[in-house]
>>> print(open('target.csv').read())   # CSV, C-alpha atoms
chain,number,residue,atom,x,y,z
A,1,MET,CA,0.0,0.0,0.0
A,2,ARG,CA,1.4,3.4,-0.9
A,3,THR,CA,1.6,5.7,2.0
A,4,SER,CA,2.5,9.0,0.5
A,5,PHE,CA,0.7,12.3,-0.1
A,6,PRO,CA,-0.9,12.7,-3.5
A,7,LYS,CA,1.4,14.2,-6.2
A,8,HIS,CA,-0.5,17.4,-6.4
A,9,PHE,CA,-0.5,18.3,-2.7
A,10,PRO,CA,-3.2,20.9,-1.9
A,11,ALA,CA,-1.9,24.5,-2.0
A,12,ALA,CA,-3.8,25.3,1.1
A,13,LEU,CA,-1.9,22.7,3.0
A,14,LEU,CA,1.5,23.9,1.7
A,15,ILE,CA,0.6,27.4,2.9
A,16,ALA,CA,-0.5,26.1,6.3
A,17,VAL,CA,2.7,24.2,6.7
A,18,THR,CA,4.7,27.4,5.9
A,19,LEU,CA,2.8,29.3,8.5
A,20,PHE,CA,3.2,26.6,11.1
A,21,SER,CA,6.9,26.2,10.3
A,22,SER,CA,7.5,30.0,10.8
A,23,CYS,CA,6.0,29.9,14.3
A,24,LYS,CA,8.4,27.6,16.1
A,25,LYS,CA,8.1,29.6,19.3
A,26,ALA,CA,4.4,29.5,19.4
A,27,PRO,CA,3.0,28.6,22.8
A,28,GLU,CA,2.0,25.0,23.3
A,29,ASN,CA,-1.2,23.8,24.8
A,30,THR,CA,0.0,21.4,27.5
A,31,THR,CA,-3.2,21.1,29.4
A,32,ALA,CA,-5.0,17.9,28.5
A,33,THR,CA,-8.7,17.3,28.8
A,34,ILE,CA,-9.0,13.6,29.4
A,35,GLU,CA,-12.1,12.2,27.8
A,36,THR,CA,-13.1,8.6,28.5
A,37,SER,CA,-15.7,6.3,27.1
A,38,ALA,CA,-17.3,3.2,28.7
A,39,PRO,CA,-17.6,2.6,32.4
A,40,ALA,CA,-14.7,1.4,34.5
A,41,ALA,CA,-16.5,-1.8,35.3
A,42,THR,CA,-19.9,-3.3,34.8
A,43,GLN,CA,-21.9,-5.7,36.9
A,44,ASN,CA,-23.3,-8.8,35.1
A,45,SER,CA,-24.7,-11.8,36.8
A,46,ASP,CA,-22.8,-11.1,40.1
A,47,GLN,CA,-19.5,-11.0,38.1
A,48,THR,CA,-17.5,-7.8,37.7
A,49,THR,CA,-16.0,-7.2,34.3
A,50,SER,CA,-12.9,-4.9,34.5
A,51,PHE,CA,-12.2,-2.8,31.5
A,52,LYS,CA,-8.7,-2.4,30.2
A,53,ASN,CA,-7.6,1.1,29.3
A,54,ILE,CA,-6.5,2.3,25.8
A,55,LEU,CA,-4.7,5.6,26.0
A,56,PHE,CA,-4.7,7.7,22.8
A,57,LEU,CA,-1.8,10.1,23.2
A,58,GLY,CA,-1.7,12.6,20.4
A,59,ASN,CA,-2.2,16.1,19.0
A,60,SER,CA,-5.1,17.7,17.2
A,61,ILE,CA,-5.9,14.7,15.1
A,62,THR,CA,-6.5,12.6,18.2
A,63,ALA,CA,-8.2,15.5,20.0
A,64,GLY,CA,-10.6,15.9,17.0
A,65,PHE,CA,-9.9,19.5,16.2
A,66,GLY,CA,-12.8,21.1,14.3
A,67,VAL,CA,-15.2,18.2,14.8
A,68,GLU,CA,-17.4,17.0,17.7
A,69,LEU,CA,-15.5,14.9,20.2
A,70,SER,CA,-17.9,12.1,19.4
A,71,GLU,CA,-16.8,12.3,15.7
A,72,ALA,CA,-13.0,12.1,16.5
A,73,PHE,CA,-11.4,8.7,15.7
A,74,PRO,CA,-10.9,7.6,19.3
A,75,ALA,CA,-14.6,7.9,20.0
A,76,LEU,CA,-15.3,6.0,16.7
A,77,ILE,CA,-12.9,3.3,17.9
A,78,GLN,CA,-14.9,3.0,21.2
A,79,GLN,CA,-18.1,2.6,19.2
A,80,LYS,CA,-16.5,-0.4,17.4
A,81,ILE,CA,-15.3,-1.8,20.7
A,82,ASP,CA,-18.8,-1.4,22.2
A,83,SER,CA,-20.5,-3.1,19.2
A,84,LEU,CA,-18.3,-6.1,19.8
A,85,LYS,CA,-18.8,-6.0,23.6
A,86,LEU,CA,-15.0,-5.9,24.2
A,87,PRO,CA,-13.8,-5.0,27.7
A,88,PHE,CA,-11.8,-1.9,26.7
A,89,LYS,CA,-12.2,1.8,27.6
A,90,SER,CA,-10.8,4.6,25.4
A,91,ILE,CA,-9.0,7.6,27.0
A,92,ASN,CA,-8.6,10.5,24.6
A,93,ALA,CA,-5.5,12.4,25.7
A,94,GLY,CA,-5.1,14.4,22.5
A,95,VAL,CA,-4.1,18.1,22.8
A,96,SER,CA,-4.2,20.4,19.8
A,97,GLY,CA,-0.8,21.8,19.0
A,98,GLU,CA,1.0,19.1,21.0
A,99,THR,CA,4.6,18.3,20.1
A,100,SER,CA,6.6,15.2,21.1
A,101,ALA,CA,8.2,17.3,23.9
A,102,GLY,CA,4.8,18.3,25.2
A,103,GLY,CA,3.7,14.6,25.2
A,104,LEU,CA,6.9,13.7,27.1
A,105,ARG,CA,6.1,16.4,29.7
A,106,ARG,CA,2.6,14.9,30.2
A,107,ILE,CA,3.4,11.2,30.1
A,108,ASP,CA,4.1,10.7,33.8
A,109,TRP,CA,0.8,12.3,34.8
A,110,LEU,CA,-1.1,10.3,32.3
A,111,LEU,CA,0.5,7.1,33.5
A,112,LYS,CA,-1.0,7.5,37.0
A,113,GLU,CA,-4.0,5.6,35.6
A,114,LYS,CA,-3.3,2.0,34.5
A,115,ILE,CA,-2.7,1.8,30.8
A,116,ASP,CA,-3.0,-1.5,28.9
A,117,ILE,CA,-2.6,-0.2,25.4
A,118,MET,CA,-1.3,3.1,24.1
A,119,VAL,CA,-1.8,4.5,20.6
A,120,LEU,CA,1.0,7.1,20.3
A,121,GLU,CA,0.2,9.7,17.7
A,122,LEU,CA,2.8,12.5,18.0
A,123,GLY,CA,5.4,14.2,15.9
A,124,ALA,CA,3.5,16.0,13.2
A,125,ASN,CA,3.7,19.4,14.9
A,126,ASP,CA,7.5,18.8,15.4
A,127,GLY,CA,7.8,18.3,11.6
A,128,LEU,CA,5.7,21.4,10.8
A,129,ARG,CA,7.9,23.5,13.0
A,130,GLY,CA,11.1,22.1,11.6
A,131,VAL,CA,12.2,20.5,14.9
A,132,PRO,CA,15.3,18.3,14.3
A,133,VAL,CA,14.2,14.7,13.6
A,134,GLU,CA,16.7,13.4,16.1
A,135,ASP,CA,15.0,15.5,18.9
A,136,THR,CA,11.6,14.1,18.0
A,137,ARG,CA,13.0,10.6,17.9
A,138,LYS,CA,14.5,11.0,21.4
A,139,ASN,CA,11.2,12.4,22.8
A,140,LEU,CA,9.1,9.6,21.3
A,141,GLN,CA,11.6,7.0,22.6
A,142,ALA,CA,11.5,8.5,26.1
A,143,ILE,CA,7.7,8.3,26.0
A,144,ILE,CA,7.9,4.6,25.0
A,145,ASP,CA,10.5,3.9,27.6
A,146,ARG,CA,8.6,5.5,30.5
A,147,THR,CA,5.4,3.8,29.5
A,148,LYS,CA,7.1,0.4,29.4
A,149,SER,CA,8.9,1.0,32.6
A,150,THR,CA,5.7,1.9,34.4
A,151,TYR,CA,3.6,-0.9,32.8
A,152,PRO,CA,5.9,-3.7,31.5
A,153,ASP,CA,3.0,-5.5,29.9
A,154,VAL,CA,1.7,-2.5,28.0
A,155,LYS,CA,1.1,-2.8,24.2
A,156,ILE,CA,2.1,0.3,22.3
A,157,ILE,CA,0.9,1.1,18.8
A,158,LEU,CA,2.9,3.8,17.0
A,159,ALA,CA,1.1,6.0,14.5
A,160,GLY,CA,3.3,7.2,11.7
A,161,MET,CA,3.0,10.5,10.0
A,162,GLN,CA,4.3,12.0,6.7
A,163,LEU,CA,5.1,15.6,5.7
A,164,PRO,CA,4.5,17.4,2.4
A,165,PRO,CA,7.5,17.6,0.1
A,166,ASN,CA,8.1,21.4,0.4
A,167,LEU,CA,10.0,20.8,3.7
A,168,GLY,CA,12.9,19.3,1.8
A,169,GLN,CA,13.6,15.8,0.5
A,170,LYS,CA,16.1,14.7,3.2
A,171,TYR,CA,14.0,16.1,6.2
A,172,THR,CA,10.8,14.6,4.8
A,173,ALA,CA,12.4,11.1,4.3
A,174,ASP,CA,14.2,11.2,7.7
A,175,PHE,CA,10.9,12.1,9.4
A,176,LYS,CA,9.0,9.4,7.7
A,177,ASN,CA,11.6,6.7,8.4
A,178,MET,CA,11.9,7.8,12.0
A,179,TYR,CA,8.5,6.1,12.8
A,180,SER,CA,9.3,2.8,11.1
A,181,ASP,CA,12.7,2.7,12.8
A,182,LEU,CA,11.2,3.3,16.2
A,183,ALA,CA,8.6,0.7,15.7
A,184,GLN,CA,11.1,-1.9,14.6
A,185,LYS,CA,13.6,-1.0,17.4
A,186,ASN,CA,10.9,-1.3,20.1
A,187,GLY,CA,8.9,-4.1,18.6
A,188,LEU,CA,5.8,-2.0,18.4
A,189,ALA,CA,2.6,-2.5,16.3
A,190,PHE,CA,2.8,0.1,13.6
A,191,ILE,CA,0.4,2.3,11.6
A,192,PRO,CA,2.6,3.5,8.7
A,193,PHE,CA,0.5,6.6,8.0
A,194,ILE,CA,-2.4,7.4,10.2
A,195,LEU,CA,-3.9,9.8,7.5
A,196,GLU,CA,-3.7,7.1,4.7
A,197,LYS,CA,-6.5,7.9,2.1
A,198,VAL,CA,-7.2,11.2,4.0
A,199,GLY,CA,-4.0,13.3,3.8
A,200,GLY,CA,-4.2,15.6,0.8
A,201,VAL,CA,-7.8,14.7,-0.1
A,202,VAL,CA,-9.6,18.0,-0.2
A,203,LYS,CA,-13.1,16.7,0.6
A,204,LEU,CA,-11.9,14.8,3.6
A,205,ASN,CA,-10.1,17.7,5.3
A,206,GLN,CA,-11.3,21.0,6.8
A,207,GLN,CA,-10.6,24.3,5.1
A,208,ASP,CA,-7.1,24.5,6.6
A,209,GLY,CA,-6.2,21.4,4.5
A,210,ILE,CA,-4.7,19.7,7.6
A,211,HIS,CA,-7.4,18.5,9.9
A,212,PRO,CA,-9.8,15.7,8.9
A,213,THR,CA,-13.5,16.3,8.6
A,214,ALA,CA,-15.9,13.9,10.4
A,215,GLU,CA,-15.8,11.8,7.2
A,216,GLY,CA,-12.1,11.9,7.3
A,217,HIS,CA,-12.0,10.7,10.9
A,218,ARG,CA,-14.1,7.7,9.9
A,219,ILE,CA,-11.3,6.7,7.5
A,220,VAL,CA,-8.7,7.4,10.1
A,221,ALA,CA,-10.6,5.2,12.6
A,222,GLU,CA,-10.5,2.3,10.0
A,223,ASN,CA,-6.7,2.8,9.6
A,224,VAL,CA,-6.2,2.6,13.3
A,225,TRP,CA,-8.7,-0.3,13.8
A,226,ALA,CA,-6.9,-2.5,11.3
A,227,ILE,CA,-3.8,-2.4,13.6
A,228,LEU,CA,-5.5,-2.1,16.9
A,229,LYS,CA,-8.0,-5.0,16.6
A,230,PRO,CA,-5.4,-7.7,16.6
A,231,VAL,CA,-3.8,-6.1,19.7
A,232,LEU,CA,-7.1,-6.1,21.5
A,233,ASP,CA,-7.6,-9.8,20.7
A,234,ALA,CA,-4.2,-10.5,22.1
A,235,VAL,CA,-4.7,-8.5,25.3
A,236,LYS,CA,-8.3,-9.4,26.2
>>> encode(input="target.csv", output="structure tokens")
Amino acid sequence: MRTSFPKHFPAALLIAVTLFSSCKKAPENTTATIETSAPAATQNSDQTTSFKNILFLGNSITAGFGVELSEAFPALIQQKIDSLKLPFKSINAGVSGETSAGGLRRIDWLLKEKIDIMVLELGANDGLRGVPVEDTRKNLQAIIDRTKSTYPDVKIILAGMQLPPNLGQKYTADFKNMYSDLAQKNGLAFIPFILEKVGGVVKLNQQDGIHPTAEGHRIVAENVWAILKPVLDAVK
């Protein structure tokens, strides 16, 4: 499956990337609003069923920027889980504008609640701001290390991201390869490109050309579900 942006990348997105890249010192939103779905436990025939937690740690894509929270892909994942009556609870820890450094600053606080699975979707804002790829790599690795250290049995899914070509061929390639390298090094389940079939498709993105519409989020949810479902089966 090809995981690259379309050849004719939307001009609106290229402009947006330029704007983001020129604002490297823009303040970051590091306050997370944790949204959960499904009860912590249910009572059924005098037996308590404990739900395992799935932490979605990400930026505005995870947070559902520009759409209702119920339309963001973590909530759509929870709907799939509920329809199959699987014992999992989604925790949306997405923050718009979040970088890998911001995620690293938050991770210890987030890990105060037991985590069984983590979907790590960070790094896009680093790329848009021109952060050195090695810095992003170190931050993501630190998030992975701290999560595994706190919960040795945790399953981590790494969501890859790609950048438009105007950022330079070497930077773009290094950024893309960073995700596959981290997944291989750490033995992680891997989503090569979380915006597969969405990135660069005008009708599936909002006017900024970056953030998925509700329809786009449904496709993102399918991209995530294809990798997440086997992990759920292994954990439950």
>>> atom_distance(input="target.csv", atom1="CA of Ser60 (chain A)", atom2="CA of Asn125 (chain A)")
9.3 Å
>>> atom_distance(input="target.csv", atom1="CA of Lys148 (chain A)", atom2="CA of Asn177 (chain A)")
22.4 Å
>>> closest_residue(input="target.csv", among="A:Leu55, A:Ile81, A:Glu98, A:Val131", to="Leu158 (chain A)", atoms="all atoms listed in the file")
A:Leu55
>>> residues_around(input="target.csv", residues="Asp116 (chain A)", least_positions_apart="2", cutoff="9 Å", atoms="all atoms listed in the file", output="list in words")
Lys52, Asn53, Ile54, Leu55, Lys114, Met118, Tyr151, Asp153, Val154, Lys155, Ile156 and Val235 of chain A
>>> atom_distance(input="target.csv", atom1="CA of Glu113 (chain A)", atom2="CA of Ala226 (chain A)")
25.8 Å
>>> residues_around(input="target.csv", residues="region 141-143 of chain A", least_positions_apart="2", cutoff="8 Å", atoms="only C-alpha atoms", output="list in words")
Gly103, Leu104, Ile107, Arg137, Lys138, Asn139, Asp145, Arg146, Thr147 and Leu182 of chain A
>>> residues_around(input="target.csv", residues="Lys203 (chain A)", least_positions_apart="3", cutoff="10 Å", atoms="all atoms listed in the file", output="list in words")
Val198, Gly200, Gln206, Gln207, Gly209, Pro212, Thr213, Glu215 and Gly216 of chain A
>>> residues_around(input="target.csv", residues="Ala221 (chain A)", least_positions_apart="3", cutoff="8 Å", atoms="only C-alpha atoms", output="list in words")
Phe73, Pro74, Leu76, Ile77, His217, Arg218, Val224 and Trp225 of chain A
>>> closest_residue(input="target.csv", among="A:Leu163, A:Val220, A:Ala234, A:Leu69", to="Gly123 (chain A)", atoms="only C-alpha atoms")
A:Leu163
